[in-house]
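K.L.:
Take this structure, written in structure tokens, and hold onto it; I'll ask about it next.
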Amino acid sequence: MSSMIVRLQEERFEPGSLQSTLFDETNRTGGLVTFTGYVRATDAKGIPLKSLFLEHYPGMTEKSIKGIIKEALDRWDIESTCVVHRVGLLLPRDPIVWVGSAATHRGDAFNCCEFVMDYLKTKAPFWKKEETEEGVRWIDSLASDGDRIARWDAS
Amino acid sequence: MSSMIVRLQEERFEPGSLQSTLFDETNRTGGLVTFTGYVRATDAKGIPLKSLFLEHYPGMTEKSIKGIIKEALDRWDIESTCVVHRVGLLLPRDPIVWVGSAATHRGDAFNCCEFVMDYLKTKAPFWKKEETEEGVRWIDSLASDGDRIARWDAS
Amino acid sequence: MIKVFFFGRLRETLNASSIDISDLSELATVDKVRIHLSKSYGPIWEEALNQSNIVISVNQVVVSADTAIQDGDELAFFPPMTGG
Amino acid sequence: MIKVFFFGRLRETLNASSIDISDLSELATVDKVRIHLSKSYGPIWEEALNQSNIVISVNQVVVSADTAIQDGDELAFFPPMTGG
């Protein structure tokens, strides 16, 4: 049995308390891998960011994240997984997303966490809009994120 | 500039507070990956563990962990890395080791964290002794850990 | 009737979050819905909905352009996702 | 003089954490130190120090068996590491 938690929220989260909750769900875990994504302090050109707005598609977001996790659980032996993603208005250096995977063996936990993040970047319906003193701009998707997905198909 | 923290201690640690400290060292980080290793509740045969004793080689331990991190920093673009490893007597479900890597791009952070863990398992002078109701037993090294090292040489 | 949602940059460009379409008689596939919308509301819609990278979902699952639709479906058009 | 440390299972088997060797005249390499120790303290030491998986370090760096030693070096013999 593998447990799965998916949360979307406007509120900040604490990585340490999410990890405690995830670990408490387990009883045979030897390794726990987490990823925390943060709002960068500047945009791609180095201009200081004022804010980041995260739009999503309510309903489809939860559904697609659960689908991504299920695909990971088919590939690796995972005891517990959690994804928390913020939406709405965020500030520089705020945490945006947290993914945690707990497993008996660390290789499974690393693979699951990285896989979920790679798919979340390009397959979950989120869109980011940056505000700097130069104005407001929707962020374009990165070709490199598509490349990271292709890696998993090859493996 | 990349910052590096290495700590050996008998005391418990809190993953959340280690992550905060690591993140505070950064200013261009977009992704932070952590690994926490925990004492399993049972031994390899499923017998409940009473305790785990971690012996190390004072002096060489710090030196070899710093060497492992330096090798990772040559390979990936990392802003800050931290390794905390406990020694002495540990109880089931206790955290043993924490590795955190912060980077602008998540791929670098994932690679660095997993690389440091793989090398730490087989190249840092730690030895584990398990106690169950059947007695006390030194843990043998795993061939699979050697295989994980070989992966990095090939890549 | 079907409901079509728009998200992200596309929602802003069209200045519309969603639109209802009642007459489905000519709209057998999601691509026909896209062409219908791009022709019905002027040049801004036409340009925006003809961008090659637009993603389409039906009932909250990403689909290909030739996917058939039926009464009651929930469609959405949006730019490539940029989450995480 | 050199100091030789033992760790883990090997330390327990030998019942020794470390040993000092003063006369280095015949001990040009780490492997010669290993052979010397395995012959000097009886069958337990001989068997334990002839295990093929023993790791050797000089001045806290893992080395190969043919590594030369010199006065003042800090050696250690130990089983494969099992950290993390």
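By convention in this document, the chains of the structure tokens carry letters A, B, ... by their order, each chain's residues are numbered from 1, and ligands are numbered from 1 in the order they are shown.
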Write down as a PyMOL selection string the residues belonging to chain B that are assigned alpha helix (DSSP H) by DSSP computed on the backbone.
P.N.:
chain B and resi 15-24+60-75+106-123+143-154
K.L.:
Only C-alpha atoms, please: the residues just picked out, written as a short mmCIF file (atom, residue, chain, number, x, y, z; two decimals), in the first residue's frame.
P.N.:
```cif
data_model
loop_
_atom_site.label_atom_id
_atom_site.label_comp_id
_atom_site.auth_asym_id
_atom_site.auth_seq_id
_atom_site.Cartn_x
_atom_site.Cartn_y
_atom_site.Cartn_z
CA PRO B 15 15.32 18.28 8.44
CA GLY B 16 13.14 21.40 8.26
CA SER B 17 15.54 23.59 10.19
CA LEU B 18 18.53 22.28 8.21
CA GLN B 19 16.70 23.16 4.99
CA SER B 20 15.97 26.71 6.25
CA THR B 21 19.62 27.22 7.13
CA LEU B 22 20.74 25.91 3.75
CA PHE B 23 18.24 28.07 1.84
CA ASP B 24 19.30 31.18 3.79
CA MET B 60 38.86 11.13 7.94
CA THR B 61 35.05 11.26 7.97
CA GLU B 62 34.84 15.06 7.55
CA LYS B 63 37.70 14.99 5.05
CA SER B 64 36.12 12.33 2.86
CA ILE B 65 32.66 13.96 2.91
CA LYS B 66 34.19 17.29 1.89
CA GLY B 67 36.04 15.50 -0.90
CA ILE B 68 32.79 13.94 -2.13
CA ILE B 69 31.02 17.31 -2.13
CA LYS B 70 33.93 18.93 -4.00
CA GLU B 71 33.68 16.27 -6.68
CA ALA B 72 29.93 16.98 -7.00
CA LEU B 73 30.60 20.72 -7.28
CA ASP B 74 32.95 20.07 -10.20
CA ARG B 75 30.16 18.27 -12.03
CA ARG B 106 16.57 21.43 -10.27
CA GLY B 107 18.47 18.87 -12.36
CA ASP B 108 21.75 19.99 -10.80
CA ALA B 109 20.28 19.81 -7.30
CA PHE B 110 18.90 16.28 -7.85
CA ASN B 111 22.17 15.00 -9.30
CA CYS B 112 24.33 16.52 -6.56
CA CYS B 113 22.18 15.18 -3.72
CA GLU B 114 21.99 11.65 -5.14
CA PHE B 115 25.71 11.59 -6.03
CA VAL B 116 26.73 12.71 -2.53
CA MET B 117 24.51 10.04 -0.95
CA ASP B 118 25.81 7.27 -3.22
CA TYR B 119 29.43 8.14 -2.46
CA LEU B 120 28.78 8.69 1.23
CA LYS B 121 27.41 5.14 1.46
CA THR B 122 30.61 3.55 0.23
CA LYS B 123 33.43 6.12 0.46
CA ALA B 143 26.90 -4.88 -3.86
CA SER B 144 24.02 -2.67 -5.05
CA ASP B 145 25.72 0.34 -3.45
CA GLY B 146 28.82 -0.36 -5.51
CA ASP B 147 26.64 -0.59 -8.64
CA ARG B 148 25.19 2.83 -7.89
CA ILE B 149 28.70 4.32 -7.80
CA ALA B 150 29.55 2.73 -11.15
CA ARG B 151 26.57 4.53 -12.71
CA TRP B 152 28.20 7.92 -12.03
CA ASP B 153 31.46 6.88 -13.67
CA ALA B 154 29.58 5.84 -16.80
#
```
K.L.:
All in-order C-alpha pairs, least squares, chain A moved onto chain B. Output the fitted coordinates as a short mmCIF file (atom, residue, chain, number, x, y, z; two decimals) with N, CA and C atoms, in the first residue's frame, please.
P.N.:
```cif
data_model
loop_
_atom_site.label_atom_id
_atom_site.label_comp_id
_atom_site.auth_asym_id
_atom_site.auth_seq_id
_atom_site.Cartn_x
_atom_site.Cartn_y
_atom_site.Cartn_z
N MET A 1 30.41 31.22 -6.34
CA MET A 1 30.76 30.73 -5.00
C MET A 1 29.71 29.74 -4.51
N SER A 2 30.22 28.64 -3.98
CA SER A 2 29.32 27.60 -3.49
C SER A 2 29.63 27.35 -2.02
N SER A 3 28.63 27.40 -1.17
CA SER A 3 28.89 27.15 0.25
C SER A 3 28.71 25.67 0.57
N MET A 4 29.39 25.22 1.64
CA MET A 4 29.40 23.81 1.98
C MET A 4 29.43 23.67 3.50
N ILE A 5 28.49 22.91 4.02
CA ILE A 5 28.49 22.66 5.47
C ILE A 5 28.55 21.14 5.69
N VAL A 6 29.46 20.69 6.56
CA VAL A 6 29.54 19.27 6.92
C VAL A 6 29.51 19.17 8.44
N ARG A 7 28.59 18.40 8.96
CA ARG A 7 28.50 18.24 10.41
C ARG A 7 28.38 16.78 10.80
N LEU A 8 29.13 16.36 11.82
CA LEU A 8 28.98 15.04 12.42
C LEU A 8 28.50 15.26 13.84
N GLN A 9 27.51 14.53 14.28
CA GLN A 9 26.99 14.78 15.62
C GLN A 9 26.25 13.57 16.16
N GLU A 10 26.20 13.50 17.50
CA GLU A 10 25.43 12.44 18.14
C GLU A 10 23.96 12.84 18.26
N GLU A 11 23.71 14.14 18.29
CA GLU A 11 22.36 14.65 18.52
C GLU A 11 21.45 14.43 17.32
N ARG A 12 20.16 14.32 17.58
CA ARG A 12 19.14 14.33 16.54
C ARG A 12 19.21 15.63 15.75
N PHE A 13 18.65 15.61 14.52
CA PHE A 13 18.55 16.86 13.77
C PHE A 13 17.14 16.97 13.20
N GLU A 14 16.77 18.20 12.86
CA GLU A 14 15.45 18.47 12.27
C GLU A 14 15.64 18.83 10.79
N PRO A 15 15.15 17.98 9.85
CA PRO A 15 15.32 18.29 8.43
C PRO A 15 14.83 19.69 8.05
N GLY A 16 13.70 20.11 8.62
CA GLY A 16 13.15 21.42 8.26
C GLY A 16 14.08 22.56 8.63
N SER A 17 14.70 22.49 9.80
CA SER A 17 15.56 23.61 10.19
C SER A 17 16.87 23.57 9.41
N LEU A 18 17.35 22.35 9.05
CA LEU A 18 18.54 22.28 8.19
C LEU A 18 18.26 22.90 6.83
N GLN A 19 17.05 22.63 6.29
CA GLN A 19 16.70 23.19 4.99
C GLN A 19 16.62 24.71 5.04
N SER A 20 16.04 25.26 6.10
CA SER A 20 15.96 26.73 6.24
C SER A 20 17.36 27.34 6.26
N THR A 21 18.26 26.74 7.03
CA THR A 21 19.63 27.24 7.12
C THR A 21 20.31 27.20 5.76
N LEU A 22 20.13 26.07 5.06
CA LEU A 22 20.74 25.93 3.73
C LEU A 22 20.19 26.98 2.77
N PHE A 23 18.86 27.13 2.76
CA PHE A 23 18.24 28.08 1.83
C PHE A 23 18.68 29.52 2.13
N ASP A 24 18.87 29.84 3.42
CA ASP A 24 19.29 31.19 3.79
C ASP A 24 20.69 31.53 3.26
N GLU A 25 21.49 30.51 2.94
CA GLU A 25 22.83 30.72 2.37
C GLU A 25 22.77 31.12 0.89
N THR A 26 21.61 31.01 0.28
CA THR A 26 21.50 31.15 -1.17
C THR A 26 20.85 32.47 -1.55
N ASN A 27 21.02 32.87 -2.80
CA ASN A 27 20.21 34.00 -3.28
C ASN A 27 19.74 33.84 -4.72
N ARG A 28 20.18 32.75 -5.41
CA ARG A 28 19.70 32.56 -6.77
C ARG A 28 19.09 31.16 -6.95
N THR A 29 18.71 30.56 -5.82
CA THR A 29 18.24 29.18 -5.87
C THR A 29 16.78 29.08 -6.29
N GLY A 30 16.52 28.15 -7.22
CA GLY A 30 15.15 27.87 -7.65
C GLY A 30 14.67 26.52 -7.17
N GLY A 31 15.62 25.63 -6.84
CA GLY A 31 15.23 24.29 -6.42
C GLY A 31 16.16 23.75 -5.35
N LEU A 32 15.59 23.07 -4.38
CA LEU A 32 16.38 22.52 -3.28
C LEU A 32 15.96 21.07 -3.08
N VAL A 33 16.92 20.15 -3.20
CA VAL A 33 16.64 18.72 -3.05
C VAL A 33 17.27 18.24 -1.76
N THR A 34 16.52 17.45 -1.01
CA THR A 34 17.07 16.89 0.22
C THR A 34 16.89 15.38 0.25
N PHE A 35 17.82 14.72 0.92
CA PHE A 35 17.65 13.30 1.23
C PHE A 35 17.79 13.14 2.73
N THR A 36 16.86 12.43 3.35
CA THR A 36 17.00 12.06 4.75
C THR A 36 17.01 10.54 4.83
N GLY A 37 18.05 9.99 5.42
CA GLY A 37 18.11 8.55 5.67
C GLY A 37 17.65 8.27 7.08
N TYR A 38 16.79 7.26 7.23
CA TYR A 38 16.27 6.92 8.55
C TYR A 38 16.69 5.50 8.95
N VAL A 39 16.84 5.26 10.24
CA VAL A 39 17.03 3.90 10.73
C VAL A 39 15.75 3.12 10.46
N ARG A 40 15.87 1.96 9.78
CA ARG A 40 14.67 1.17 9.52
C ARG A 40 14.15 0.55 10.82
N ALA A 41 12.88 0.18 10.79
CA ALA A 41 12.27 -0.40 11.99
C ALA A 41 12.69 -1.85 12.20
N THR A 42 13.13 -2.51 11.11
CA THR A 42 13.51 -3.93 11.21
C THR A 42 14.84 -4.17 10.52
N ASP A 43 15.45 -5.32 10.78
CA ASP A 43 16.65 -5.68 10.04
C ASP A 43 16.26 -6.30 8.70
N ALA A 44 17.25 -6.79 7.94
CA ALA A 44 16.97 -7.28 6.59
C ALA A 44 16.04 -8.51 6.60
N LYS A 45 15.99 -9.24 7.72
CA LYS A 45 15.12 -10.41 7.83
C LYS A 45 13.75 -10.07 8.40
N GLY A 46 13.53 -8.79 8.73
CA GLY A 46 12.23 -8.38 9.25
C GLY A 46 12.14 -8.42 10.76
N ILE A 47 13.25 -8.72 11.44
CA ILE A 47 13.24 -8.75 12.91
C ILE A 47 13.36 -7.32 13.44
N PRO A 48 12.47 -6.95 14.40
CA PRO A 48 12.49 -5.57 14.91
C PRO A 48 13.86 -5.16 15.43
N LEU A 49 14.28 -3.97 15.07
CA LEU A 49 15.57 -3.46 15.49
C LEU A 49 15.45 -2.85 16.88
N LYS A 50 16.44 -3.12 17.72
CA LYS A 50 16.48 -2.44 19.02
C LYS A 50 17.27 -1.15 18.91
N SER A 51 18.41 -1.22 18.22
CA SER A 51 19.24 -0.01 18.08
C SER A 51 20.20 -0.17 16.92
N LEU A 52 20.79 0.94 16.53
CA LEU A 52 21.81 0.95 15.49
C LEU A 52 22.98 1.77 16.02
N PHE A 53 24.18 1.17 15.95
CA PHE A 53 25.36 1.91 16.40
C PHE A 53 26.18 2.31 15.19
N LEU A 54 26.55 3.58 15.12
CA LEU A 54 27.32 4.09 13.99
C LEU A 54 28.71 4.48 14.45
N GLU A 55 29.70 3.69 14.01
CA GLU A 55 31.10 4.00 14.30
C GLU A 55 31.67 4.79 13.13
N HIS A 56 32.62 5.66 13.38
CA HIS A 56 33.26 6.36 12.27
C HIS A 56 34.74 6.58 12.58
N TYR A 57 35.44 7.19 11.68
CA TYR A 57 36.89 7.43 11.79
C TYR A 57 37.06 8.95 11.88
N PRO A 58 37.09 9.48 13.11
CA PRO A 58 37.12 10.94 13.28
C PRO A 58 38.28 11.55 12.48
N GLY A 59 38.01 12.63 11.84
CA GLY A 59 39.03 13.29 11.02
C GLY A 59 38.88 12.88 9.57
N MET A 60 39.03 11.57 9.32
CA MET A 60 38.88 11.10 7.95
C MET A 60 37.43 11.27 7.46
N THR A 61 36.48 11.17 8.38
CA THR A 61 35.07 11.26 7.98
C THR A 61 34.77 12.62 7.35
N GLU A 62 35.11 13.68 8.06
CA GLU A 62 34.86 15.04 7.55
C GLU A 62 35.60 15.25 6.23
N LYS A 63 36.87 14.80 6.23
CA LYS A 63 37.72 14.98 5.05
C LYS A 63 37.12 14.29 3.83
N SER A 64 36.65 13.06 4.01
CA SER A 64 36.13 12.33 2.85
C SER A 64 34.79 12.91 2.39
N ILE A 65 33.96 13.37 3.33
CA ILE A 65 32.68 13.96 2.92
C ILE A 65 32.93 15.26 2.14
N LYS A 66 33.87 16.06 2.63
CA LYS A 66 34.19 17.30 1.89
C LYS A 66 34.73 16.98 0.50
N GLY A 67 35.53 15.91 0.40
CA GLY A 67 36.05 15.50 -0.91
C GLY A 67 34.93 15.09 -1.86
N ILE A 68 33.93 14.38 -1.32
CA ILE A 68 32.79 13.94 -2.13
C ILE A 68 32.01 15.16 -2.64
N ILE A 69 31.78 16.11 -1.73
CA ILE A 69 31.03 17.31 -2.13
C ILE A 69 31.81 18.09 -3.19
N LYS A 70 33.13 18.21 -3.01
CA LYS A 70 33.92 18.94 -4.00
C LYS A 70 33.82 18.30 -5.38
N GLU A 71 33.82 16.96 -5.40
CA GLU A 71 33.68 16.27 -6.68
C GLU A 71 32.31 16.58 -7.32
N ALA A 72 31.28 16.64 -6.49
CA ALA A 72 29.94 16.98 -7.01
C ALA A 72 29.93 18.41 -7.55
N LEU A 73 30.61 19.33 -6.86
CA LEU A 73 30.60 20.74 -7.28
C LEU A 73 31.33 20.93 -8.61
N ASP A 74 32.29 20.03 -8.90
CA ASP A 74 32.96 20.08 -10.21
C ASP A 74 32.01 19.66 -11.33
N ARG A 75 31.03 18.83 -10.99
CA ARG A 75 30.16 18.28 -12.02
C ARG A 75 28.92 19.12 -12.28
N TRP A 76 28.38 19.75 -11.22
CA TRP A 76 27.11 20.46 -11.36
C TRP A 76 27.18 21.86 -10.78
N ASP A 77 26.26 22.70 -11.22
CA ASP A 77 26.23 24.09 -10.78
C ASP A 77 25.35 24.19 -9.52
N ILE A 78 26.01 24.20 -8.36
CA ILE A 78 25.34 24.11 -7.07
C ILE A 78 25.64 25.37 -6.27
N GLU A 79 24.60 25.94 -5.64
CA GLU A 79 24.85 27.15 -4.87
C GLU A 79 25.23 26.83 -3.42
N SER A 80 24.64 25.76 -2.86
CA SER A 80 24.92 25.46 -1.46
C SER A 80 24.62 23.99 -1.19
N THR A 81 25.45 23.35 -0.38
CA THR A 81 25.28 21.93 -0.05
C THR A 81 25.53 21.73 1.44
N CYS A 82 24.79 20.83 2.04
CA CYS A 82 24.98 20.53 3.45
C CYS A 82 24.85 19.03 3.67
N VAL A 83 25.78 18.47 4.46
CA VAL A 83 25.67 17.07 4.89
C VAL A 83 25.74 17.04 6.41
N VAL A 84 24.73 16.42 7.03
CA VAL A 84 24.76 16.19 8.47
C VAL A 84 24.64 14.69 8.68
N HIS A 85 25.58 14.10 9.41
CA HIS A 85 25.57 12.65 9.64
C HIS A 85 25.68 12.40 11.13
N ARG A 86 24.81 11.55 11.64
CA ARG A 86 24.90 11.21 13.06
C ARG A 86 25.85 10.03 13.29
N VAL A 87 26.43 9.99 14.48
CA VAL A 87 27.28 8.86 14.90
C VAL A 87 26.83 8.45 16.30
N GLY A 88 27.26 7.25 16.70
CA GLY A 88 26.89 6.77 18.03
C GLY A 88 25.63 5.92 17.99
N LEU A 89 24.88 5.95 19.10
CA LEU A 89 23.73 5.05 19.24
C LEU A 89 22.45 5.69 18.72
N LEU A 90 21.77 5.01 17.79
CA LEU A 90 20.53 5.52 17.22
C LEU A 90 19.40 4.51 17.45
N LEU A 91 18.18 5.01 17.43
CA LEU A 91 17.01 4.15 17.64
C LEU A 91 16.23 3.99 16.34
N PRO A 92 15.40 2.94 16.24
CA PRO A 92 14.57 2.75 15.05
C PRO A 92 13.82 4.03 14.69
N ARG A 93 13.75 4.34 13.40
CA ARG A 93 13.03 5.51 12.88
C ARG A 93 13.77 6.82 13.14
N ASP A 94 14.91 6.79 13.80
CA ASP A 94 15.71 8.02 13.94
C ASP A 94 16.25 8.44 12.58
N PRO A 95 16.36 9.75 12.32
CA PRO A 95 17.11 10.19 11.14
C PRO A 95 18.61 9.94 11.35
N ILE A 96 19.28 9.41 10.31
CA ILE A 96 20.72 9.15 10.39
C ILE A 96 21.50 10.24 9.67
N VAL A 97 21.05 10.54 8.44
CA VAL A 97 21.85 11.40 7.58
C VAL A 97 20.92 12.36 6.83
N TRP A 98 21.40 13.55 6.58
CA TRP A 98 20.65 14.53 5.80
C TRP A 98 21.59 15.16 4.78
N VAL A 99 21.19 15.15 3.54
CA VAL A 99 21.96 15.81 2.48
C VAL A 99 21.03 16.80 1.78
N GLY A 100 21.45 18.03 1.66
CA GLY A 100 20.66 19.04 0.96
C GLY A 100 21.50 19.75 -0.09
N SER A 101 20.91 19.97 -1.27
CA SER A 101 21.61 20.68 -2.35
C SER A 101 20.68 21.73 -2.94
N ALA A 102 21.17 22.94 -3.03
CA ALA A 102 20.37 24.04 -3.58
C ALA A 102 21.03 24.55 -4.85
N ALA A 103 20.23 24.75 -5.90
CA ALA A 103 20.78 25.16 -7.20
C ALA A 103 19.77 26.02 -7.95
N THR A 104 20.27 26.72 -8.95
CA THR A 104 19.36 27.48 -9.81
C THR A 104 18.43 26.53 -10.55
N HIS A 105 18.99 25.42 -11.05
CA HIS A 105 18.19 24.47 -11.84
C HIS A 105 18.04 23.15 -11.10
N ARG A 106 16.83 22.59 -11.14
CA ARG A 106 16.56 21.44 -10.29
C ARG A 106 17.37 20.21 -10.67
N GLY A 107 17.70 20.04 -11.95
CA GLY A 107 18.47 18.87 -12.37
C GLY A 107 19.81 18.80 -11.65
N ASP A 108 20.47 19.94 -11.51
CA ASP A 108 21.75 19.99 -10.80
C ASP A 108 21.56 19.60 -9.33
N ALA A 109 20.51 20.11 -8.73
CA ALA A 109 20.27 19.82 -7.30
C ALA A 109 19.99 18.33 -7.10
N PHE A 110 19.16 17.73 -7.98
CA PHE A 110 18.88 16.28 -7.86
C PHE A 110 20.17 15.47 -8.03
N ASN A 111 20.95 15.78 -9.06
CA ASN A 111 22.16 15.01 -9.30
C ASN A 111 23.14 15.12 -8.14
N CYS A 112 23.36 16.32 -7.66
CA CYS A 112 24.32 16.53 -6.58
C CYS A 112 23.90 15.75 -5.34
N CYS A 113 22.63 15.85 -4.96
CA CYS A 113 22.16 15.20 -3.74
C CYS A 113 22.30 13.68 -3.85
N GLU A 114 21.93 13.12 -4.99
CA GLU A 114 21.98 11.66 -5.15
C GLU A 114 23.43 11.18 -5.23
N PHE A 115 24.27 11.93 -5.94
CA PHE A 115 25.70 11.60 -6.04
C PHE A 115 26.36 11.58 -4.66
N VAL A 116 26.12 12.64 -3.88
CA VAL A 116 26.73 12.72 -2.55
C VAL A 116 26.28 11.54 -1.70
N MET A 117 24.99 11.20 -1.75
CA MET A 117 24.50 10.05 -0.97
C MET A 117 25.15 8.75 -1.42
N ASP A 118 25.23 8.53 -2.72
CA ASP A 118 25.81 7.28 -3.23
C ASP A 118 27.27 7.13 -2.79
N TYR A 119 28.02 8.21 -2.86
CA TYR A 119 29.43 8.15 -2.48
C TYR A 119 29.59 8.04 -0.97
N LEU A 120 28.75 8.76 -0.24
CA LEU A 120 28.79 8.71 1.22
C LEU A 120 28.60 7.28 1.73
N LYS A 121 27.72 6.53 1.06
CA LYS A 121 27.42 5.14 1.47
C LYS A 121 28.65 4.24 1.40
N THR A 122 29.54 4.50 0.46
CA THR A 122 30.62 3.53 0.23
C THR A 122 32.02 4.14 0.35
N LYS A 123 32.11 5.47 0.43
CA LYS A 123 33.44 6.10 0.46
C LYS A 123 33.71 6.88 1.75
N ALA A 124 32.72 7.04 2.60
CA ALA A 124 32.98 7.74 3.86
C ALA A 124 33.09 6.68 4.97
N PRO A 125 34.05 6.85 5.88
CA PRO A 125 34.35 5.79 6.86
C PRO A 125 33.35 5.70 8.01
N PHE A 126 32.20 5.11 7.69
CA PHE A 126 31.19 4.80 8.70
C PHE A 126 30.97 3.29 8.68
N TRP A 127 30.67 2.74 9.86
CA TRP A 127 30.32 1.31 9.94
C TRP A 127 29.13 1.17 10.88
N LYS A 128 28.15 0.37 10.43
CA LYS A 128 26.90 0.23 11.18
C LYS A 128 26.82 -1.13 11.86
N LYS A 129 26.33 -1.12 13.09
CA LYS A 129 26.13 -2.34 13.85
C LYS A 129 24.70 -2.37 14.36
N GLU A 130 23.98 -3.42 14.02
CA GLU A 130 22.56 -3.53 14.39
C GLU A 130 22.38 -4.39 15.63
N GLU A 131 21.43 -4.02 16.47
CA GLU A 131 21.06 -4.88 17.59
C GLU A 131 19.58 -5.26 17.49
N THR A 132 19.31 -6.58 17.47
CA THR A 132 17.93 -7.08 17.56
C THR A 132 17.89 -8.05 18.74
N GLU A 133 16.71 -8.65 18.99
CA GLU A 133 16.66 -9.63 20.09
C GLU A 133 17.51 -10.86 19.78
N GLU A 134 17.89 -11.04 18.51
CA GLU A 134 18.76 -12.17 18.17
C GLU A 134 20.24 -11.87 18.43
N GLY A 135 20.55 -10.63 18.76
CA GLY A 135 21.94 -10.29 19.06
C GLY A 135 22.41 -9.08 18.28
N VAL A 136 23.72 -8.96 18.22
CA VAL A 136 24.36 -7.77 17.63
C VAL A 136 25.13 -8.19 16.39
N ARG A 137 25.03 -7.38 15.33
CA ARG A 137 25.61 -7.81 14.06
C ARG A 137 26.11 -6.59 13.28
N TRP A 138 27.36 -6.66 12.80
CA TRP A 138 27.86 -5.61 11.90
C TRP A 138 27.19 -5.77 10.53
N ILE A 139 26.78 -4.67 9.96
CA ILE A 139 26.11 -4.73 8.65
C ILE A 139 27.15 -4.86 7.54
N ASP A 140 26.89 -5.77 6.60
CA ASP A 140 27.77 -5.93 5.45
C ASP A 140 27.46 -4.88 4.41
N SER A 141 28.48 -4.50 3.67
CA SER A 141 28.24 -3.55 2.57
C SER A 141 27.46 -4.26 1.47
N LEU A 142 26.69 -3.47 0.72
CA LEU A 142 25.82 -4.03 -0.31
C LEU A 142 26.47 -3.90 -1.69
N ALA A 143 26.40 -4.96 -2.46
CA ALA A 143 26.90 -4.90 -3.85
C ALA A 143 26.14 -3.82 -4.62
N SER A 144 24.84 -3.65 -4.31
CA SER A 144 24.03 -2.66 -5.04
C SER A 144 24.56 -1.25 -4.83
N ASP A 145 25.15 -0.97 -3.66
CA ASP A 145 25.71 0.36 -3.44
C ASP A 145 26.94 0.58 -4.33
N GLY A 146 27.72 -0.48 -4.55
CA GLY A 146 28.83 -0.36 -5.49
C GLY A 146 28.34 -0.11 -6.91
N ASP A 147 27.24 -0.77 -7.27
CA ASP A 147 26.66 -0.58 -8.61
C ASP A 147 26.23 0.86 -8.82
N ARG A 148 25.69 1.47 -7.75
CA ARG A 148 25.21 2.85 -7.87
C ARG A 148 26.38 3.81 -8.12
N ILE A 149 27.53 3.53 -7.54
CA ILE A 149 28.72 4.34 -7.78
C ILE A 149 29.15 4.23 -9.25
N ALA A 150 29.13 3.00 -9.75
CA ALA A 150 29.58 2.75 -11.13
C ALA A 150 28.76 3.55 -12.14
N ARG A 151 27.48 3.73 -11.86
CA ARG A 151 26.60 4.55 -12.71
C ARG A 151 27.17 5.93 -12.96
N TRP A 152 27.71 6.56 -11.91
CA TRP A 152 28.19 7.94 -12.04
C TRP A 152 29.44 8.00 -12.91
N ASP A 153 30.27 6.93 -12.83
CA ASP A 153 31.47 6.91 -13.67
C ASP A 153 31.10 6.80 -15.14
N ALA A 154 30.03 6.06 -15.40
CA ALA A 154 29.60 5.85 -16.78
C ALA A 154 29.00 7.12 -17.37
N SER A 155 28.42 7.97 -16.53
CA SER A 155 27.67 9.12 -17.07
C SER A 155 28.57 10.31 -17.34
#
```
K.L.:
Once DSSP has gone over the backbone, tell me which residues of chain A are in strand (DSSP E or B), as a ChimeraX atom specification.
P.N.:
/A:3-9,31-38,42,48-56,80-86,88-90,95-103,126-132,135-138
K.L.:
To one decimal place in Å, what is the distance between CA of Asp20 in chain D and CA of Gln70 in chain D?
P.N.:
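These atoms are spaced 13.5 Å apart.
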K.L.:
Please list as a PyMOL selection string every residue within 8 Å of range 1-13 of chain D, counting only C-alpha atoms and excluding residues in the same chain fewer than 2 positions away.
P.N.:
(chain B and resi 55-57+127-128+138) or (chain D and resi 15-24+44+48+70-79)
K.L.:
May I ask you to extract the residues of chain D within 7 Å of chain B, using only C-alpha atoms, and to give them as a list in words?
P.N.:
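Matching residues, ligands excluded from the count: Gly8, Arg9, Gln60, Pro80, Met81, Thr82, Gly83 and Gly84 of chain D.
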K.L.:
Could the residues in this selection be saved with N, CA and C atoms as a CSV table (one decimal), in the first residue's frame?
P.N.:
```
chain,number,residue,atom,x,y,z
D,8,GLY,N,35.4,-0.7,13.1
D,8,GLY,CA,34.3,-1.6,12.8
D,8,GLY,C,34.5,-3.0,13.3
D,9,ARG,N,34.0,-3.9,12.5
D,9,ARG,CA,34.1,-5.4,12.8
D,9,ARG,C,35.6,-5.8,13.0
D,60,GLN,N,44.4,9.2,6.2
D,60,GLN,CA,43.0,9.4,6.0
D,60,GLN,C,42.6,9.5,4.6
D,80,PRO,N,34.8,-2.7,4.4
D,80,PRO,CA,34.1,-1.8,3.5
D,80,PRO,C,33.1,-0.9,4.3
D,81,MET,N,33.0,0.4,3.9
D,81,MET,CA,32.2,1.3,4.6
D,81,MET,C,30.7,1.0,4.4
D,82,THR,N,29.9,1.3,5.5
D,82,THR,CA,28.5,1.2,5.4
D,82,THR,C,27.8,2.3,6.0
D,83,GLY,N,28.0,3.5,5.5
D,83,GLY,CA,27.4,4.8,6.0
D,83,GLY,C,26.1,5.1,5.5
D,84,GLY,N,25.6,6.3,5.8
D,84,GLY,CA,24.3,6.8,5.3
D,84,GLY,C,23.2,6.1,6.0
```
K.L.:
Find the distance between CA of Val30 in chain D and CA of Ala65 in chain D and write it in Å to one decimal.
P.N.:
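Interatomic distance, CA of Val30 in chain D to CA of Ala65 in chain D: 5.7 Å.
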K.L.:
Quick one: residues within 9 Å of Leu49 in chain D, only C-alpha atoms, excluding same-chain residues fewer than 3 positions away - as a list in words?
P.N.:
Leu10, Arg34, Ile35, Leu37, Ser38, Ile44, Trp45, Glu46, Ser52, Ile54 and Phe77 of chain D
K.L.:
Between CA of Lys32 in chain D and CA of Val62 in chain D, what is the spacing in Å?
P.N.:
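Atom-to-atom, CA of Val62 in chain D and CA of Lys32 in chain D are spaced 16.0 Å apart.
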